[in-house]
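The data block below is data-v9.txt; it holds compact mmCIF, C-alpha atoms.
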```txt
# COMPACT_ATOMS: atom_id res chain seq x y z
CA MET A 4 -16.94 19.59 -23.28
CA GLY A 5 -15.15 21.07 -20.27
CA ASN A 6 -13.82 19.27 -17.23
CA VAL A 7 -15.67 15.96 -17.04
CA GLN A 8 -14.94 13.64 -14.13
CA SER A 9 -15.66 9.94 -14.15
CA SER A 10 -17.41 8.20 -11.29
CA LEU A 11 -15.26 5.11 -11.94
CA PRO A 12 -12.50 4.35 -9.43
CA ALA A 13 -8.87 4.99 -10.44
CA TYR A 14 -8.12 1.26 -10.15
CA TYR A 15 -9.59 -2.14 -11.03
CA ASN A 16 -9.19 -5.65 -9.66
CA ALA A 17 -6.48 -7.27 -11.78
CA ASP A 18 -7.39 -10.79 -10.62
CA PRO A 19 -10.97 -10.99 -9.29
CA THR A 20 -10.79 -14.78 -8.81
CA ASN A 21 -7.40 -14.73 -7.04
CA GLU A 22 -6.49 -17.73 -9.18
CA ALA A 23 -4.85 -16.29 -12.29
CA TYR A 24 -1.27 -17.28 -13.01
CA THR A 25 -0.82 -14.11 -15.03
CA HIS A 26 -2.78 -10.88 -14.80
CA SER A 27 -2.40 -7.26 -15.85
CA LEU A 28 0.26 -6.61 -13.17
CA SER A 29 2.35 -9.70 -14.03
CA LYS A 30 4.63 -7.80 -16.41
CA TYR A 31 5.72 -5.29 -13.75
CA VAL A 32 8.41 -5.49 -11.06
CA ASP A 33 7.30 -5.27 -7.42
CA LEU A 34 9.29 -2.19 -6.38
CA ALA A 35 8.12 -2.61 -2.78
CA SER A 36 9.78 -6.02 -2.35
CA SER A 37 12.74 -6.44 -0.03
CA ALA A 38 14.08 -8.90 -2.65
CA ILE A 39 15.08 -5.93 -4.83
CA GLY A 40 16.15 -3.63 -2.01
CA ALA A 41 12.94 -2.00 -0.73
CA LYS A 42 13.26 -1.00 2.89
CA LEU A 43 10.79 -0.13 5.61
CA ILE A 44 11.83 3.32 6.81
CA LYS A 45 9.35 4.02 9.58
CA ALA A 46 5.97 2.90 10.90
CA SER A 47 3.59 4.61 13.30
CA ASN A 48 2.98 1.46 15.32
CA GLU A 49 4.41 -2.04 15.39
CA ARG A 50 2.68 -3.32 18.50
CA PHE A 51 0.86 -6.10 16.64
CA GLY A 52 3.54 -7.15 14.14
CA ALA A 53 6.62 -5.92 12.33
CA ALA A 54 5.82 -3.51 9.49
CA ALA A 55 8.83 -4.92 7.60
CA ASN A 56 6.58 -7.92 6.85
CA LEU A 57 4.82 -5.67 4.32
CA ILE A 58 7.77 -5.92 1.94
CA ASN A 59 8.62 -9.57 2.52
CA PRO A 60 8.26 -11.43 -0.80
CA SER A 61 7.37 -14.69 0.96
CA GLU A 62 3.83 -15.98 1.30
CA PRO A 63 1.96 -14.20 4.11
CA THR A 64 2.09 -15.60 7.63
CA SER A 65 0.34 -14.85 10.88
CA ASP A 66 3.00 -12.27 11.82
CA ALA A 67 1.56 -9.61 9.49
CA TRP A 68 1.48 -5.91 10.30
CA VAL A 69 -1.99 -4.94 11.53
CA THR A 70 -3.52 -1.79 12.96
CA ARG A 71 -5.00 -1.20 16.39
CA ARG A 72 -8.74 -1.51 15.78
CA HIS A 73 -9.71 0.90 18.56
CA ASN A 74 -7.16 3.47 17.44
CA PRO A 75 -8.72 6.91 16.94
CA GLU A 76 -6.05 7.62 14.31
CA SER A 77 -4.82 5.75 11.26
CA ASP A 78 -1.54 3.82 11.32
CA TRP A 79 0.97 4.20 8.51
CA ALA A 80 4.19 2.70 7.18
CA VAL A 81 6.71 4.41 4.88
CA VAL A 82 8.66 2.22 2.46
CA ARG A 83 11.62 3.31 0.34
CA LEU A 84 11.15 1.38 -2.89
CA GLY A 85 13.92 -0.82 -4.26
CA SER A 86 14.20 1.53 -7.23
CA SER A 87 12.54 4.72 -8.41
CA GLY A 88 9.80 3.96 -10.87
CA THR A 89 6.31 4.53 -12.12
CA ILE A 90 3.40 2.80 -10.39
CA ALA A 91 1.00 0.46 -12.20
CA GLY A 92 -0.83 -1.05 -9.24
CA PHE A 93 -0.73 -2.59 -5.80
CA ASP A 94 -0.78 -6.01 -4.17
CA ILE A 95 -2.58 -5.66 -0.83
CA ASP A 96 -2.58 -9.05 0.83
CA THR A 97 -4.77 -9.78 3.85
CA ARG A 98 -4.50 -13.57 3.61
CA GLY A 99 -4.21 -15.03 7.08
CA LEU A 100 -5.92 -12.02 8.61
CA ASP A 101 -9.48 -12.91 9.45
CA GLY A 102 -11.00 -10.05 11.41
CA THR A 103 -7.69 -8.47 12.44
CA HIS A 104 -7.03 -6.51 9.24
CA ALA A 105 -7.74 -2.83 8.65
CA ASN A 106 -10.91 -2.67 6.61
CA GLN A 107 -9.74 0.37 4.65
CA VAL A 108 -6.36 1.37 3.20
CA SER A 109 -4.92 4.18 1.12
CA ILE A 110 -1.52 4.69 -0.51
CA GLN A 111 0.49 7.81 -1.31
CA GLY A 112 3.83 8.17 -3.09
CA CYS A 113 6.61 10.74 -3.37
CA LEU A 114 10.03 11.24 -4.93
CA ALA A 115 12.71 12.38 -2.51
CA SER A 116 16.38 12.02 -1.73
CA GLU A 117 17.25 8.38 -0.95
CA ASP A 118 18.49 9.42 2.50
CA ALA A 119 15.58 11.74 3.28
CA LEU A 120 14.37 11.60 6.87
CA VAL A 121 10.83 10.58 7.81
CA ASP A 122 9.20 12.46 10.69
CA GLY A 123 6.81 11.18 13.35
CA ASN A 124 3.81 11.90 11.10
CA GLY A 125 5.13 9.78 8.23
CA ASP A 126 6.12 12.78 6.12
CA VAL A 127 9.30 12.56 4.03
CA GLU A 128 11.69 15.49 4.32
CA GLY A 129 11.42 17.88 1.38
CA ALA A 130 8.66 15.98 -0.44
CA GLU A 131 4.92 16.20 -0.97
CA TRP A 132 2.76 13.07 -1.01
CA THR A 133 0.71 12.27 -4.12
CA GLU A 134 -2.40 10.10 -3.73
CA LEU A 135 -1.88 6.88 -5.65
CA LEU A 136 -4.74 4.81 -4.25
CA PRO A 137 -7.65 6.56 -2.54
CA ARG A 138 -9.10 5.16 0.67
CA ILE A 139 -10.70 1.85 -0.28
CA GLU A 140 -12.23 -1.11 1.53
CA VAL A 141 -10.35 -4.41 1.62
CA SER A 142 -11.68 -7.82 2.61
CA ALA A 143 -10.26 -10.17 5.20
CA ASN A 144 -8.22 -13.18 4.13
CA SER A 145 -7.91 -12.00 0.49
CA ARG A 146 -5.30 -10.92 -1.98
CA HIS A 147 -6.21 -7.60 -3.60
CA LEU A 148 -4.36 -7.06 -6.90
CA LEU A 149 -5.36 -3.52 -7.78
CA ALA A 150 -4.20 -2.17 -11.14
CA LEU A 151 -4.39 1.53 -11.97
CA TRP A 152 -6.37 2.21 -15.14
CA THR A 153 -3.49 4.45 -16.17
CA PRO A 154 -0.05 3.81 -14.66
CA THR A 155 1.63 6.92 -13.31
CA THR A 156 3.91 8.90 -15.60
CA GLU A 157 5.67 10.40 -12.58
CA ALA A 158 8.35 8.32 -10.84
CA PHE A 159 8.23 7.59 -7.10
CA ASN A 160 10.77 6.14 -4.67
CA PHE A 161 8.77 6.26 -1.42
CA VAL A 162 5.25 5.01 -0.67
CA ARG A 163 3.16 5.41 2.45
CA LEU A 164 0.53 2.77 3.22
CA VAL A 165 -2.16 4.02 5.58
CA LEU A 166 -4.33 1.55 7.51
CA HIS A 167 -7.65 3.05 8.54
CA PRO A 168 -9.08 1.33 11.64
CA ASP A 169 -12.72 0.29 11.82
CA GLY A 170 -13.06 1.14 15.50
CA GLY A 171 -14.14 -2.47 16.14
```

This entry written out as structure tokens:
Amino acid sequence: MGNVQSSLPAYYNADPTNEAYTHSLSKYVDLASSAIGAKLIKASNERFGAAANLINPSEPTSDAWVTRRHNPESDWAVVRLGSSGTIAGFDIDTRGLDGTHANQVSIQGCLASEDALVDGNGDVEGAEWTELLPRIEVSANSRHLLALWTPTTEAFNFVRLVLHPDGG
């Protein structure tokens, strides 16, 4: 049959109503939570909020990390996960952000030395980024629980969230 590619996205919404107590990501540990040792390593811009808020396990507040909307370039944040592990999905939370959120995001991951340096472009020393979540649209004031159809088999210990500005 050859190389057949699906037109389906690599992810699905694990909780389309945002009301489920349990969902397909419930059985996994949030490796990007500061509660288990995740750490923000570097961000391209923190003018409108601390990027460390991305890994805060508390409910979102108005001090979220947001992008500059008139930025000609995308903003990014690199997080060292609390533990190396495979990736099953993402929790992208824009609650409390009504019109100030980036309308598109993407996520990459890599496996590198725990003390690897991150340069001014968000690249981790000695590692190549792997696309985990392609550039997707996200809604304002919503929690986006995005599960991968197939969790990764490769382990990662760094992720890079990229906020793509709308130019608004």

Near Leu114 in chain A, counting only C-alpha atoms, which residues have an atom at most 12 Å away, once you skip same-chain residues fewer than 3 positions from it, shown as a short mmCIF file (atom, residue, chain, number, x, y, z; two decimals) with C-alpha atoms, in the coordinates of the input?
```
data_model
loop_
_atom_site.label_atom_id
_atom_site.label_comp_id
_atom_site.auth_asym_id
_atom_site.auth_seq_id
_atom_site.Cartn_x
_atom_site.Cartn_y
_atom_site.Cartn_z
CA VAL A 82 8.66 2.22 2.46
CA ARG A 83 11.62 3.31 0.34
CA LEU A 84 11.15 1.38 -2.89
CA SER A 86 14.20 1.53 -7.23
CA SER A 87 12.54 4.72 -8.41
CA GLY A 88 9.80 3.96 -10.87
CA THR A 89 6.31 4.53 -12.12
CA GLN A 111 0.49 7.81 -1.31
CA GLU A 117 17.25 8.38 -0.95
CA ASP A 118 18.49 9.42 2.50
CA ALA A 119 15.58 11.74 3.28
CA ASP A 126 6.12 12.78 6.12
CA VAL A 127 9.30 12.56 4.03
CA GLU A 128 11.69 15.49 4.32
CA GLY A 129 11.42 17.88 1.38
CA ALA A 130 8.66 15.98 -0.44
CA GLU A 131 4.92 16.20 -0.97
CA TRP A 132 2.76 13.07 -1.01
CA THR A 133 0.71 12.27 -4.12
CA GLU A 157 5.67 10.40 -12.58
CA ALA A 158 8.35 8.32 -10.84
CA PHE A 159 8.23 7.59 -7.10
CA ASN A 160 10.77 6.14 -4.67
CA PHE A 161 8.77 6.26 -1.42
CA VAL A 162 5.25 5.01 -0.67
CA ARG A 163 3.16 5.41 2.45
#
```

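Among the candidates A:Leu135, A:Ala46, A:Ala91, A:Val121, the one nearest to Leu148 in chain A when counting only C-alpha atoms is A:Ala91.
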
Non-local contacts of Thr153 in chain A (10 Å; only C-alpha atoms; under 5 positions in same chain excluded) as a PDB file with C-alpha atoms, keeping the file's coordinate frame:
```pdb
ATOM      1  CA  ALA A  13      -8.870   4.990 -10.440  1.00  0.00           C
ATOM      2  CA  TYR A  14      -8.120   1.260 -10.150  1.00  0.00           C
ATOM      3  CA  ILE A  90       3.400   2.800 -10.390  1.00  0.00           C
ATOM      4  CA  ALA A  91       1.000   0.460 -12.200  1.00  0.00           C
ATOM      5  CA  GLY A  92      -0.830  -1.050  -9.240  1.00  0.00           C
TER       6      GLY A  92
END
```

Check: Mind pulling up the distance from CA of Ala55 in chain A to CA of Gly123 in chain A?
Finding: 17.2 Å

Checklist line | Top pick for closest residue to Ser36 in chain A, considering A:Pro168, A:Gly85, A:Pro137, A:Gly125 and counting only C-alpha atoms | finding: A:Gly85

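You will find CA of Ile95 in chain A at 5.0 Å from CA of His147 in chain A.
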
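CA of Phe93 in chain A is found 15.8 Å from CA of Thr156 in chain A.
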
Counting all atoms listed in the file, write as a PDB file with C-alpha atoms, in the frame of the given file all protein and nucleic acid residues lying at most 6 Å from (-0.6, 2.6, 13.6) in the file's frame.
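The resulting file, result29.pdb, is reproduced below:
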```pdb
ATOM      1  CA  SER A  47       3.590   4.610  13.300  1.00  0.00           C
ATOM      2  CA  ASN A  48       2.980   1.460  15.320  1.00  0.00           C
ATOM      3  CA  THR A  70      -3.520  -1.790  12.960  1.00  0.00           C
ATOM      4  CA  SER A  77      -4.820   5.750  11.260  1.00  0.00           C
ATOM      5  CA  ASP A  78      -1.540   3.820  11.320  1.00  0.00           C
ATOM      6  CA  TRP A  79       0.970   4.200   8.510  1.00  0.00           C
TER       7      TRP A  79
END
```

Show me, as JSON, the centre and edge lengths in Å to one decimal of the axis-aligned box that covers every listed atom of range 35-46 of chain A with 5 Å on each side.
```
{"center_x": 11.1, "center_y": -2.4, "center_z": 3.0, "size_x": 20.2, "size_y": 22.9, "size_z": 25.7}
```

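Among the candidate residues A:Ile58, A:Leu100, A:Ala17, A:Val108, the one lying nearest to Val141 in chain A is A:Val108, with distances computed using all atoms listed in the file.
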
Could you complete range 140-151 of chain A so that it carries all heavy atoms, and give it back as a compact mmCIF listing (two decimals), in the coordinates of the input?
```txt
# COMPACT_ATOMS: atom_id res chain seq x y z
N GLU A 140 -11.97 0.00 0.62
CA GLU A 140 -12.23 -1.11 1.53
C GLU A 140 -11.51 -2.35 1.02
O GLU A 140 -11.43 -2.57 -0.19
CB GLU A 140 -13.73 -1.38 1.63
CG GLU A 140 -14.44 -0.28 2.37
CD GLU A 140 -15.87 -0.64 2.74
OE1 GLU A 140 -16.20 -1.85 2.80
OE2 GLU A 140 -16.63 0.29 2.97
N VAL A 141 -10.98 -3.13 1.96
CA VAL A 141 -10.35 -4.41 1.62
C VAL A 141 -10.99 -5.49 2.48
O VAL A 141 -11.41 -5.24 3.61
CB VAL A 141 -8.82 -4.38 1.82
CG1 VAL A 141 -8.15 -3.49 0.80
CG2 VAL A 141 -8.45 -3.96 3.22
N SER A 142 -11.06 -6.68 1.93
CA SER A 142 -11.68 -7.82 2.61
C SER A 142 -10.65 -8.59 3.40
O SER A 142 -9.46 -8.59 3.08
CB SER A 142 -12.31 -8.76 1.59
OG SER A 142 -13.24 -8.08 0.80
N ALA A 143 -11.12 -9.29 4.42
CA ALA A 143 -10.26 -10.17 5.20
C ALA A 143 -9.86 -11.38 4.37
O ALA A 143 -10.57 -11.79 3.46
CB ALA A 143 -11.00 -10.64 6.46
N ASN A 144 -8.69 -11.92 4.69
CA ASN A 144 -8.22 -13.18 4.13
C ASN A 144 -8.30 -13.20 2.60
O ASN A 144 -8.75 -14.18 2.01
CB ASN A 144 -9.01 -14.35 4.74
CG ASN A 144 -8.22 -15.63 4.70
OD1 ASN A 144 -7.00 -15.63 4.68
ND2 ASN A 144 -8.93 -16.75 4.68
N SER A 145 -7.84 -12.12 1.95
CA SER A 145 -7.91 -12.00 0.49
C SER A 145 -6.67 -11.31 -0.05
O SER A 145 -6.04 -10.52 0.64
CB SER A 145 -9.12 -11.15 0.07
OG SER A 145 -10.32 -11.74 0.48
N ARG A 146 -6.37 -11.63 -1.29
CA ARG A 146 -5.30 -10.92 -1.98
C ARG A 146 -5.97 -9.93 -2.93
O ARG A 146 -6.79 -10.32 -3.75
CB ARG A 146 -4.43 -11.90 -2.76
CG ARG A 146 -3.23 -11.24 -3.38
CD ARG A 146 -2.29 -12.27 -3.97
NE ARG A 146 -1.12 -11.60 -4.49
CZ ARG A 146 -0.28 -12.16 -5.33
NH1 ARG A 146 -0.48 -13.41 -5.73
NH2 ARG A 146 0.76 -11.51 -5.76
N HIS A 147 -5.62 -8.66 -2.80
CA HIS A 147 -6.21 -7.60 -3.60
C HIS A 147 -5.17 -7.10 -4.59
O HIS A 147 -4.27 -6.36 -4.21
CB HIS A 147 -6.68 -6.44 -2.71
CG HIS A 147 -7.61 -6.88 -1.62
ND1 HIS A 147 -7.17 -7.39 -0.43
CD2 HIS A 147 -8.95 -6.88 -1.56
CE1 HIS A 147 -8.20 -7.68 0.33
NE2 HIS A 147 -9.30 -7.40 -0.33
N LEU A 148 -5.26 -7.53 -5.84
CA LEU A 148 -4.36 -7.06 -6.90
C LEU A 148 -5.08 -5.91 -7.60
O LEU A 148 -6.01 -6.15 -8.37
CB LEU A 148 -4.04 -8.19 -7.88
CG LEU A 148 -3.15 -9.29 -7.32
CD1 LEU A 148 -3.11 -10.47 -8.26
CD2 LEU A 148 -1.76 -8.76 -7.04
N LEU A 149 -4.67 -4.71 -7.29
CA LEU A 149 -5.36 -3.52 -7.78
C LEU A 149 -4.50 -2.81 -8.81
O LEU A 149 -3.45 -2.25 -8.48
CB LEU A 149 -5.68 -2.59 -6.61
CG LEU A 149 -6.46 -3.25 -5.46
CD1 LEU A 149 -6.60 -2.30 -4.30
CD2 LEU A 149 -7.82 -3.72 -5.95
N ALA A 150 -4.93 -2.82 -10.05
CA ALA A 150 -4.20 -2.17 -11.14
C ALA A 150 -4.79 -0.78 -11.39
O ALA A 150 -6.01 -0.61 -11.36
CB ALA A 150 -4.29 -3.01 -12.40
N LEU A 151 -3.92 0.19 -11.60
CA LEU A 151 -4.39 1.53 -11.97
C LEU A 151 -4.83 1.48 -13.43
O LEU A 151 -4.20 0.85 -14.26
CB LEU A 151 -3.27 2.56 -11.79
CG LEU A 151 -2.71 2.70 -10.38
CD1 LEU A 151 -1.55 3.70 -10.36
CD2 LEU A 151 -3.79 3.14 -9.41
```
